[in-house]
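Printed here is coords-v7.cif (mmCIF, C-alpha atoms):
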```
data_final
#
loop_
_atom_site.group_PDB
_atom_site.id
_atom_site.type_symbol
_atom_site.label_atom_id
_atom_site.label_comp_id
_atom_site.auth_asym_id
_atom_site.auth_seq_id
_atom_site.Cartn_x
_atom_site.Cartn_y
_atom_site.Cartn_z
ATOM 1 C CA MET A 1 9.665 -4.137 23.996
ATOM 2 C CA VAL A 2 8.410 -4.973 20.556
ATOM 3 C CA ASP A 3 5.192 -3.213 19.616
ATOM 4 C CA LYS A 4 2.655 -3.886 16.895
ATOM 5 C CA GLY A 5 3.985 -1.202 14.591
ATOM 6 C CA GLN A 6 7.436 -2.762 14.609
ATOM 7 C CA VAL A 7 5.986 -6.158 13.801
ATOM 8 C CA ILE A 8 4.033 -4.770 10.871
ATOM 9 C CA ARG A 9 7.124 -2.933 9.642
ATOM 10 C CA LEU A 10 9.142 -6.124 9.823
ATOM 11 C CA CYS A 11 6.453 -7.928 7.838
ATOM 12 C CA ARG A 12 6.514 -5.276 5.141
ATOM 13 C CA SER A 13 10.317 -5.262 4.935
ATOM 14 C CA LEU A 14 10.334 -9.027 4.531
ATOM 15 C CA LEU A 15 7.718 -8.839 1.796
ATOM 16 C CA ARG A 16 9.533 -6.059 -0.008
ATOM 17 C CA ALA A 17 12.838 -7.874 0.134
ATOM 18 C CA GLY A 18 11.190 -11.058 -1.109
ATOM 19 C CA ARG A 19 9.697 -9.225 -4.066
ATOM 20 C CA GLN A 20 13.118 -8.626 -5.588
ATOM 21 C CA LEU A 21 13.871 -12.300 -6.009
ATOM 22 C CA PRO A 22 14.168 -13.221 -9.677
ATOM 23 C CA ASP A 23 13.021 -16.821 -9.306
ATOM 24 C CA TYR A 24 9.238 -17.142 -9.360
ATOM 25 C CA ASN A 25 9.075 -20.155 -7.037
ATOM 26 C CA ILE A 26 11.294 -18.704 -4.378
ATOM 27 C CA ARG A 27 9.571 -15.339 -4.579
ATOM 28 C CA GLU A 28 6.156 -16.881 -4.026
ATOM 29 C CA TYR A 29 7.524 -19.048 -1.240
ATOM 30 C CA ALA A 30 8.960 -16.016 0.535
ATOM 31 C CA LYS A 31 5.583 -14.296 0.375
ATOM 32 C CA ARG A 32 3.705 -17.378 1.603
ATOM 33 C CA ARG A 33 6.149 -18.130 4.357
ATOM 34 C CA THR A 34 6.135 -14.544 5.653
ATOM 35 C CA PHE A 35 2.381 -14.519 6.010
ATOM 36 C CA ASP A 36 2.267 -17.993 7.498
ATOM 37 C CA GLY A 37 4.996 -17.129 9.977
ATOM 38 C CA PHE A 38 3.341 -13.943 11.125
ATOM 39 C CA ARG A 39 -0.116 -15.470 11.303
ATOM 40 C CA MET A 40 1.170 -18.412 13.315
ATOM 41 C CA ASN A 41 2.548 -16.104 15.974
ATOM 42 C CA LYS A 42 -0.289 -13.637 15.754
ATOM 43 C CA ASN A 43 -1.811 -14.410 19.148
ATOM 44 C CA LEU A 44 1.330 -14.538 21.252
ATOM 45 C CA THR A 45 0.995 -12.620 24.479
ATOM 46 C CA ASP A 46 4.141 -13.625 26.351
ATOM 47 C CA HIS A 47 6.683 -10.809 25.932
ATOM 48 C CA SER A 48 9.734 -13.050 25.768
ATOM 49 C CA LYS A 49 8.112 -15.194 23.063
ATOM 50 C CA VAL A 50 7.200 -12.099 21.085
ATOM 51 C CA GLU A 51 10.782 -10.849 21.322
ATOM 52 C CA LYS A 52 12.109 -14.220 20.243
ATOM 53 C CA ALA A 53 9.786 -14.370 17.252
ATOM 54 C CA TYR A 54 10.711 -10.814 16.301
ATOM 55 C CA ALA A 55 14.431 -11.611 16.526
ATOM 56 C CA GLU A 56 13.920 -14.647 14.314
ATOM 57 C CA GLY A 57 12.036 -12.493 11.836
ATOM 58 C CA LYS A 58 14.954 -10.072 11.722
ATOM 59 C CA LYS A 59 17.334 -12.947 11.091
ATOM 60 C CA GLN A 60 15.172 -14.166 8.222
ATOM 61 C CA LEU A 61 15.158 -10.667 6.788
ATOM 62 C CA GLU A 62 18.948 -10.771 6.649
ATOM 63 C CA VAL A 63 18.773 -14.174 4.992
ATOM 64 C CA VAL A 64 16.379 -12.935 2.330
ATOM 65 C CA GLU A 65 18.508 -9.885 1.598
ATOM 66 C CA ARG A 66 21.576 -12.061 1.231
ATOM 67 C CA VAL A 67 19.786 -14.512 -1.046
ATOM 68 C CA VAL A 68 18.511 -11.645 -3.202
ATOM 69 C CA LYS A 69 22.079 -10.430 -3.712
ATOM 70 C CA VAL A 70 23.242 -13.897 -4.711
ATOM 71 C CA TYR A 71 20.364 -14.410 -7.120
ATOM 72 C CA LEU A 72 20.814 -11.024 -8.704
ATOM 73 C CA ALA A 73 24.449 -11.914 -9.350
ATOM 74 C CA TYR A 74 23.415 -15.163 -11.082
ATOM 75 C CA PRO A 75 19.845 -14.678 -12.300
ATOM 76 C CA PRO A 76 17.942 -17.585 -13.799
ATOM 77 C CA LYS A 77 18.126 -17.595 -17.587
ATOM 78 C CA THR A 78 14.560 -18.571 -18.417
ATOM 79 C CA LYS A 79 11.290 -17.245 -17.093
ATOM 80 C CA ASN A 80 9.014 -19.558 -15.212
ATOM 81 C CA ILE A 81 5.886 -20.506 -17.149
ATOM 82 C CA MET A 82 3.705 -18.922 -14.459
ATOM 83 C CA GLU A 83 5.244 -15.576 -15.293
ATOM 84 C CA LEU A 84 4.458 -15.740 -18.976
ATOM 85 C CA LYS A 85 1.181 -14.303 -20.120
ATOM 86 C CA LEU A 86 -0.276 -17.030 -22.282
ATOM 87 C CA HIS A 87 -3.683 -16.502 -23.774
ATOM 88 C CA MET B 1 -11.854 29.376 -13.980
ATOM 89 C CA ALA B 2 -9.760 32.522 -13.949
ATOM 90 C CA SER B 3 -11.068 33.537 -10.556
ATOM 91 C CA LEU B 4 -10.215 30.108 -9.222
ATOM 92 C CA SER B 5 -6.617 30.329 -10.362
ATOM 93 C CA THR B 6 -6.089 33.680 -8.694
ATOM 94 C CA SER B 7 -7.580 32.426 -5.482
ATOM 95 C CA SER B 8 -5.466 29.304 -5.745
ATOM 96 C CA LEU B 9 -2.331 31.423 -5.909
ATOM 97 C CA SER B 10 -3.200 33.048 -2.617
ATOM 98 C CA PHE B 11 -3.453 29.654 -0.927
ATOM 99 C CA LYS B 12 0.197 28.949 -1.440
ATOM 100 C CA ALA B 13 1.082 31.559 1.173
ATOM 101 C CA PRO B 14 0.765 30.309 4.718
ATOM 102 C CA SER B 15 -1.884 32.905 5.605
ATOM 103 C CA ILE B 16 -5.019 31.267 6.876
ATOM 104 C CA GLN B 17 -8.275 32.153 5.159
ATOM 105 C CA SER B 18 -10.898 30.993 7.563
ATOM 106 C CA THR B 19 -13.766 30.382 5.146
ATOM 107 C CA ARG B 20 -11.708 28.050 3.006
ATOM 108 C CA THR B 21 -9.569 26.519 5.729
ATOM 109 C CA SER B 22 -11.650 23.399 6.076
ATOM 110 C CA GLN B 23 -11.377 22.681 2.383
ATOM 111 C CA VAL B 24 -7.706 23.612 2.330
ATOM 112 C CA LEU B 25 -6.838 21.236 5.123
ATOM 113 C CA ARG B 26 -8.693 18.377 3.515
ATOM 114 C CA LYS B 27 -6.307 18.009 0.618
ATOM 115 C CA PRO B 28 -2.890 19.300 1.629
ATOM 116 C CA LEU B 29 -1.232 17.479 -1.249
ATOM 117 C CA SER B 30 -2.936 19.677 -3.811
ATOM 118 C CA PHE B 31 -1.220 22.795 -2.559
ATOM 119 C CA GLN B 32 2.300 21.900 -3.504
ATOM 120 C CA PRO B 33 3.567 23.680 -6.576
ATOM 121 C CA ILE B 34 4.318 20.397 -8.345
ATOM 122 C CA SER B 35 0.711 19.338 -8.578
ATOM 123 C CA PHE B 36 -0.431 22.759 -9.688
ATOM 124 C CA GLY B 37 -1.714 21.311 -12.925
ATOM 125 C CA ARG B 38 -4.093 19.092 -11.054
ATOM 126 C CA PHE B 39 -5.169 21.943 -8.831
ATOM 127 C CA GLN B 40 -6.457 23.891 -11.781
ATOM 128 C CA SER B 41 -9.487 21.653 -12.112
ATOM 129 C CA SER B 42 -12.321 23.244 -10.206
ATOM 130 C CA LYS B 43 -13.818 20.013 -8.943
ATOM 131 C CA ASN B 44 -10.910 19.359 -6.547
ATOM 132 C CA LEU B 45 -11.640 22.569 -4.680
ATOM 133 C CA ARG B 46 -15.365 22.223 -4.313
ATOM 134 C CA LEU B 47 -15.947 18.491 -3.893
ATOM 135 C CA GLN B 48 -14.873 16.413 -0.942
ATOM 136 C CA ILE B 49 -11.964 14.029 -0.936
ATOM 137 C CA SER B 50 -14.275 11.049 -1.436
ATOM 138 C CA CYS B 51 -14.872 12.064 -5.040
ATOM 139 C CA ALA B 52 -11.193 12.295 -5.870
ATOM 140 C CA ALA B 53 -10.637 8.733 -7.029
ATOM 141 C CA LYS B 54 -11.998 7.312 -10.261
ATOM 142 C CA PRO B 55 -14.731 4.679 -9.941
ATOM 143 C CA GLU B 56 -12.674 2.154 -11.938
ATOM 144 C CA THR B 57 -9.877 2.454 -9.390
ATOM 145 C CA VAL B 58 -12.343 1.949 -6.554
ATOM 146 C CA GLN B 59 -13.733 -1.083 -8.361
ATOM 147 C CA LYS B 60 -10.287 -2.605 -8.869
ATOM 148 C CA VAL B 61 -9.443 -2.015 -5.206
ATOM 149 C CA SER B 62 -12.727 -3.640 -4.185
ATOM 150 C CA ASP B 63 -11.948 -6.678 -6.327
ATOM 151 C CA ILE B 64 -8.549 -7.105 -4.732
ATOM 152 C CA VAL B 65 -10.002 -6.682 -1.232
ATOM 153 C CA ARG B 66 -12.712 -9.196 -2.014
ATOM 154 C CA GLU B 67 -10.166 -11.705 -3.240
ATOM 155 C CA GLN B 68 -7.731 -11.225 -0.342
ATOM 156 C CA LEU B 69 -10.348 -11.463 2.362
ATOM 157 C CA ALA B 70 -12.179 -14.288 0.548
ATOM 158 C CA LEU B 71 -15.511 -12.516 0.787
ATOM 159 C CA SER B 72 -18.572 -14.098 -0.763
ATOM 160 C CA ALA B 73 -19.995 -12.530 -3.897
ATOM 161 C CA ASP B 74 -23.013 -11.103 -2.137
ATOM 162 C CA THR B 75 -21.201 -9.091 0.556
ATOM 163 C CA ALA B 76 -21.747 -5.485 -0.434
ATOM 164 C CA LEU B 77 -18.537 -3.518 -0.854
ATOM 165 C CA THR B 78 -18.885 0.240 -0.872
ATOM 166 C CA ALA B 79 -16.164 2.842 -1.111
ATOM 167 C CA GLU B 80 -16.571 3.573 2.579
ATOM 168 C CA SER B 81 -16.226 -0.034 3.717
ATOM 169 C CA LYS B 82 -13.629 -0.312 6.440
ATOM 170 C CA PHE B 83 -11.208 -3.192 6.250
ATOM 171 C CA SER B 84 -11.673 -3.949 9.927
ATOM 172 C CA ALA B 85 -15.428 -4.138 9.432
ATOM 173 C CA LEU B 86 -14.884 -6.728 6.702
ATOM 174 C CA GLY B 87 -12.987 -8.935 9.103
ATOM 175 C CA ALA B 88 -9.434 -7.952 8.220
ATOM 176 C CA ASP B 89 -6.762 -7.648 10.882
ATOM 177 C CA SER B 90 -3.548 -5.701 10.482
ATOM 178 C CA LEU B 91 -1.798 -8.564 8.690
ATOM 179 C CA ASP B 92 -4.648 -8.766 6.194
ATOM 180 C CA THR B 93 -4.331 -5.034 5.664
ATOM 181 C CA VAL B 94 -0.624 -5.464 4.952
ATOM 182 C CA GLU B 95 -1.481 -8.189 2.464
ATOM 183 C CA ILE B 96 -4.074 -6.000 0.765
ATOM 184 C CA VAL B 97 -1.646 -3.083 0.519
ATOM 185 C CA MET B 98 1.022 -5.376 -0.944
ATOM 186 C CA ALA B 99 -1.447 -6.728 -3.503
ATOM 187 C CA LEU B 100 -2.406 -3.160 -4.436
ATOM 188 C CA GLU B 101 1.265 -2.213 -4.799
ATOM 189 C CA GLU B 102 1.778 -5.088 -7.190
ATOM 190 C CA LYS B 103 -1.391 -4.498 -9.172
ATOM 191 C CA PHE B 104 -0.916 -0.767 -9.679
ATOM 192 C CA ASN B 105 2.863 -0.846 -9.774
ATOM 193 C CA ILE B 106 3.273 1.738 -7.038
ATOM 194 C CA SER B 107 5.237 1.908 -3.818
ATOM 195 C CA VAL B 108 3.395 2.846 -0.650
ATOM 196 C CA GLU B 109 5.327 4.465 2.187
ATOM 197 C CA GLU B 110 5.167 3.162 5.761
ATOM 198 C CA ALA B 111 3.265 6.161 7.072
ATOM 199 C CA ASP B 112 0.689 6.064 4.298
ATOM 200 C CA ALA B 113 0.144 2.353 4.693
ATOM 201 C CA GLN B 114 -0.727 2.750 8.381
ATOM 202 C CA ASN B 115 -3.443 5.264 7.558
ATOM 203 C CA ILE B 116 -5.378 3.203 5.048
ATOM 204 C CA THR B 117 -8.579 2.007 6.675
ATOM 205 C CA THR B 118 -11.218 2.154 3.943
ATOM 206 C CA ILE B 119 -11.421 1.261 0.279
ATOM 207 C CA GLN B 120 -11.825 4.912 -0.654
ATOM 208 C CA GLU B 121 -8.602 5.895 1.104
ATOM 209 C CA ALA B 122 -6.732 3.166 -0.711
ATOM 210 C CA ALA B 123 -8.109 4.300 -4.070
ATOM 211 C CA ASP B 124 -7.216 7.938 -3.345
ATOM 212 C CA LEU B 125 -3.686 7.017 -2.335
ATOM 213 C CA ILE B 126 -3.268 4.952 -5.494
ATOM 214 C CA GLU B 127 -4.415 7.838 -7.658
ATOM 215 C CA ASP B 128 -2.055 10.246 -5.885
ATOM 216 C CA LEU B 129 0.902 7.938 -6.361
ATOM 217 C CA ALA B 130 0.003 7.156 -9.963
ATOM 218 C CA GLN B 131 -0.124 10.893 -10.641
ATOM 219 C CA LYS B 132 3.192 11.623 -8.973
ATOM 220 C CA LYS B 133 5.016 8.832 -10.745
ATOM 221 C CA PRO B 134 5.030 10.228 -14.308
ATOM 222 C CA ALA B 135 6.174 13.588 -12.967
ATOM 223 C CA ALA B 136 9.187 12.033 -11.261
#
```
Can the structure in the file be given as structure tokens, please?
Amino acid sequence: MVDKGQVIRLCRSLLRAGRQLPDYNIREYAKRRTFDGFRMNKNLTDHSKVEKAYAEGKKQLEVVERVVKVYLAYPPKTKNIMELKLH
Amino acid sequence: MASLSTSSLSFKAPSIQSTRTSQVLRKPLSFQPISFGRFQSSKNLRLQISCAAKPETVQKVSDIVREQLALSADTALTAESKFSALGADSLDTVEIVMALEEKFNISVEEADAQNITTIQEAADLIEDLAQKKPAA
């Protein structure tokens, strides 16, 4: 049985993992997609659907962690313009 | 000031002093030896926890909350505003906490994040973490 606390914890872990990504675009996408994914399934009441969504979230967490490792091994050489502070 | 420091030393022992217990229990963090420097200031003993955070911090937190929840400019935001009262659900709270982590460059623990319900609590937590960081 997946409870609300677990769901929130999964959301935070996904966001934290996504924060380590060096590429600006992919980092922002991870953040956006996490929130969209959780909001989409916010009102699910059927237990089996909730479990399925939670399992998928866990899978995505593994994906993000793997991608972070790959990107940290080969980080992008230039910073994205959105990350530069231009005044 | 001197009398305060001697009384503060007695608080470190687990003995309960009933007159001060309510104030002692309000800010358990202050009684660890590490934050002794902060404890020296008299205002932390006498004033309530709501006065612990600086107004600029509260203002910055309010700005972030306003932006995340897309509130109109005329909705009044006080330090005691609850996130749930402003129309935020738990996911919005997570988003707000994440935005605060990024803005203030801190890392909020799971347990602390669950307990944040008002703007004041968020500001206090930020100040605590910002204080602990340079000591680490």
Result set, the PyMOL selection byres ((chain A) within 10 of (chain B)) on current file, as a list of chain:residue names: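 That expression, the PyMOL selection byres ((chain A) within 10 of (chain B)), corresponds here to A:Lys4, A:Gly5, A:Val7, A:Ile8, A:Arg9, A:Cys11, A:Arg12, A:Ser13, A:Leu15, A:Arg16, A:Arg19, A:Lys31, A:Phe35, A:Phe38, A:Arg39, A:Lys42.
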Spatial neighbours of Gln20 of chain A, 9 Å, all atoms listed in the file, chain gap at least 6 places, as a list in words: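 Selected residues are Arg27, Val68 and Leu72 of chain A.
For the pair atom CA of Leu61 of chain A and atom CA of Leu10 of chain A, the interatomic distance is 8.1 Å.
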Residues selected by the PyMOL selection byres ((chain B and resi 123-135) around 6), written as JSON, numbers by chain: {"B": [53, 57, 58, 120, 121, 122, 136]}
Evaluate the PyMOL selection byres ((chain B and resi 61-70) around 9) and report residues as a list in words: Glu56, Thr57, Val58, Gln59, Lys60, Leu71, Ser72, Ala73, Thr75, Leu77, Thr78, Ala79, Phe83, Leu86, Gly87, Ala88, Asp92, Glu95, Ile96, Ala99, Leu100, Lys103, Ile119, Gln120, Ala122 and Ala123 of chain B
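From atom CA of Ile106 of chain B back to atom CA of Gln6 of chain A, the distance works out to 22.5 Å.
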Protein and nucleic acid residues near (19.2, -13.6, -3.1) (cut-off 10 Å, all atoms listed in the file) as a VMD selection string: chain A and resid 17 to 18 20 to 23 26 to 27 63 to 75
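One finds atom CA of Glu28 of chain A at 18.1 Å from atom CA of Lys77 of chain A.
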Taking every listed atom of segment 86-101 of chain B and adding 8 Å to each side, what centre and edge lengths in Å (one decimal) does the axis-aligned box have, as AutoDock Vina command-line options?
```
--center_x -6.8 --center_y -5.6 --center_z 3.0 --size_x 32.1 --size_y 22.7 --size_z 31.7
```
Using the partial input, fill out segment 24-47 of chain A with N, CA, C and O atoms; write the result as an mmCIF file, in the coordinates of the input.
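Output contents, as saved in part_21.cif:
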```cif
data_model
loop_
_atom_site.group_PDB
_atom_site.id
_atom_site.type_symbol
_atom_site.label_atom_id
_atom_site.label_comp_id
_atom_site.auth_asym_id
_atom_site.auth_seq_id
_atom_site.Cartn_x
_atom_site.Cartn_y
_atom_site.Cartn_z
ATOM 1 N N TYR A 24 10.661 -17.190 -9.684
ATOM 2 C CA TYR A 24 9.238 -17.142 -9.360
ATOM 3 C C TYR A 24 8.908 -17.984 -8.145
ATOM 4 O O TYR A 24 8.221 -17.532 -7.227
ATOM 5 N N ASN A 25 9.411 -19.231 -8.131
ATOM 6 C CA ASN A 25 9.075 -20.155 -7.037
ATOM 7 C C ASN A 25 9.522 -19.623 -5.686
ATOM 8 O O ASN A 25 8.771 -19.648 -4.717
ATOM 9 N N ILE A 26 10.761 -19.147 -5.662
ATOM 10 C CA ILE A 26 11.294 -18.704 -4.378
ATOM 11 C C ILE A 26 10.614 -17.413 -3.936
ATOM 12 O O ILE A 26 10.378 -17.198 -2.747
ATOM 13 N N ARG A 27 10.272 -16.582 -4.882
ATOM 14 C CA ARG A 27 9.571 -15.339 -4.579
ATOM 15 C C ARG A 27 8.215 -15.640 -3.942
ATOM 16 O O ARG A 27 7.844 -15.080 -2.914
ATOM 17 N N GLU A 28 7.469 -16.539 -4.565
ATOM 18 C CA GLU A 28 6.156 -16.881 -4.026
ATOM 19 C C GLU A 28 6.292 -17.545 -2.670
ATOM 20 O O GLU A 28 5.481 -17.302 -1.762
ATOM 21 N N TYR A 29 7.320 -18.384 -2.530
ATOM 22 C CA TYR A 29 7.524 -19.048 -1.240
ATOM 23 C C TYR A 29 7.789 -18.020 -0.153
ATOM 24 O O TYR A 29 7.251 -18.121 0.953
ATOM 25 N N ALA A 30 8.634 -17.036 -0.464
ATOM 26 C CA ALA A 30 8.960 -16.016 0.535
ATOM 27 C C ALA A 30 7.694 -15.310 1.002
ATOM 28 O O ALA A 30 7.479 -15.098 2.201
ATOM 29 N N LYS A 31 6.827 -14.987 0.026
ATOM 30 C CA LYS A 31 5.583 -14.296 0.375
ATOM 31 C C LYS A 31 4.722 -15.177 1.283
ATOM 32 O O LYS A 31 4.253 -14.753 2.330
ATOM 33 N N ARG A 32 4.535 -16.438 0.849
ATOM 34 C CA ARG A 32 3.705 -17.378 1.603
ATOM 35 C C ARG A 32 4.239 -17.578 3.000
ATOM 36 O O ARG A 32 3.501 -17.537 3.985
ATOM 37 N N ARG A 33 5.537 -17.802 3.077
ATOM 38 C CA ARG A 33 6.149 -18.130 4.357
ATOM 39 C C ARG A 33 6.076 -16.946 5.318
ATOM 40 O O ARG A 33 5.864 -17.123 6.520
ATOM 41 N N THR A 34 6.235 -15.722 4.781
ATOM 42 C CA THR A 34 6.135 -14.544 5.653
ATOM 43 C C THR A 34 4.769 -14.495 6.291
ATOM 44 O O THR A 34 4.636 -14.349 7.511
ATOM 45 N N PHE A 35 3.720 -14.618 5.452
ATOM 46 C CA PHE A 35 2.381 -14.519 6.010
ATOM 47 C C PHE A 35 2.097 -15.653 6.975
ATOM 48 O O PHE A 35 1.529 -15.436 8.048
ATOM 49 N N ASP A 36 2.506 -16.863 6.590
ATOM 50 C CA ASP A 36 2.267 -17.993 7.498
ATOM 51 C C ASP A 36 2.966 -17.779 8.825
ATOM 52 O O ASP A 36 2.397 -18.023 9.891
ATOM 53 N N GLY A 37 4.224 -17.333 8.753
ATOM 54 C CA GLY A 37 4.996 -17.129 9.977
ATOM 55 C C GLY A 37 4.357 -16.094 10.879
ATOM 56 O O GLY A 37 4.214 -16.298 12.091
ATOM 57 N N PHE A 38 3.928 -14.983 10.299
ATOM 58 C CA PHE A 38 3.341 -13.943 11.125
ATOM 59 C C PHE A 38 1.975 -14.347 11.654
ATOM 60 O O PHE A 38 1.610 -14.041 12.779
ATOM 61 N N ARG A 39 1.207 -15.052 10.833
ATOM 62 C CA ARG A 39 -0.116 -15.470 11.303
ATOM 63 C C ARG A 39 -0.022 -16.494 12.412
ATOM 64 O O ARG A 39 -0.826 -16.507 13.347
ATOM 65 N N MET A 40 0.996 -17.379 12.304
ATOM 66 C CA MET A 40 1.170 -18.412 13.315
ATOM 67 C C MET A 40 1.409 -17.790 14.684
ATOM 68 O O MET A 40 0.892 -18.262 15.690
ATOM 69 N N ASN A 41 2.202 -16.728 14.703
ATOM 70 C CA ASN A 41 2.548 -16.104 15.974
ATOM 71 C C ASN A 41 1.673 -14.921 16.304
ATOM 72 O O ASN A 41 2.009 -14.121 17.169
ATOM 73 N N LYS A 42 0.551 -14.826 15.611
ATOM 74 C CA LYS A 42 -0.289 -13.637 15.754
ATOM 75 C C LYS A 42 -0.783 -13.437 17.180
ATOM 76 O O LYS A 42 -0.868 -12.335 17.679
ATOM 77 N N ASN A 43 -1.134 -14.547 17.869
ATOM 78 C CA ASN A 43 -1.811 -14.410 19.148
ATOM 79 C C ASN A 43 -0.886 -14.566 20.337
ATOM 80 O O ASN A 43 -1.340 -14.827 21.429
ATOM 81 N N LEU A 44 0.410 -14.407 20.123
ATOM 82 C CA LEU A 44 1.330 -14.538 21.252
ATOM 83 C C LEU A 44 1.146 -13.379 22.209
ATOM 84 O O LEU A 44 1.042 -12.223 21.800
ATOM 85 N N THR A 45 1.125 -13.681 23.495
ATOM 86 C CA THR A 45 0.995 -12.620 24.479
ATOM 87 C C THR A 45 2.227 -12.509 25.360
ATOM 88 O O THR A 45 2.505 -11.456 25.909
ATOM 89 N N ASP A 46 2.962 -13.595 25.492
ATOM 90 C CA ASP A 46 4.141 -13.625 26.351
ATOM 91 C C ASP A 46 5.242 -12.772 25.737
ATOM 92 O O ASP A 46 5.661 -12.991 24.604
ATOM 93 N N HIS A 47 5.723 -11.766 26.484
ATOM 94 C CA HIS A 47 6.683 -10.809 25.932
ATOM 95 C C HIS A 47 7.947 -11.473 25.419
ATOM 96 O O HIS A 47 8.462 -11.126 24.356
#
```
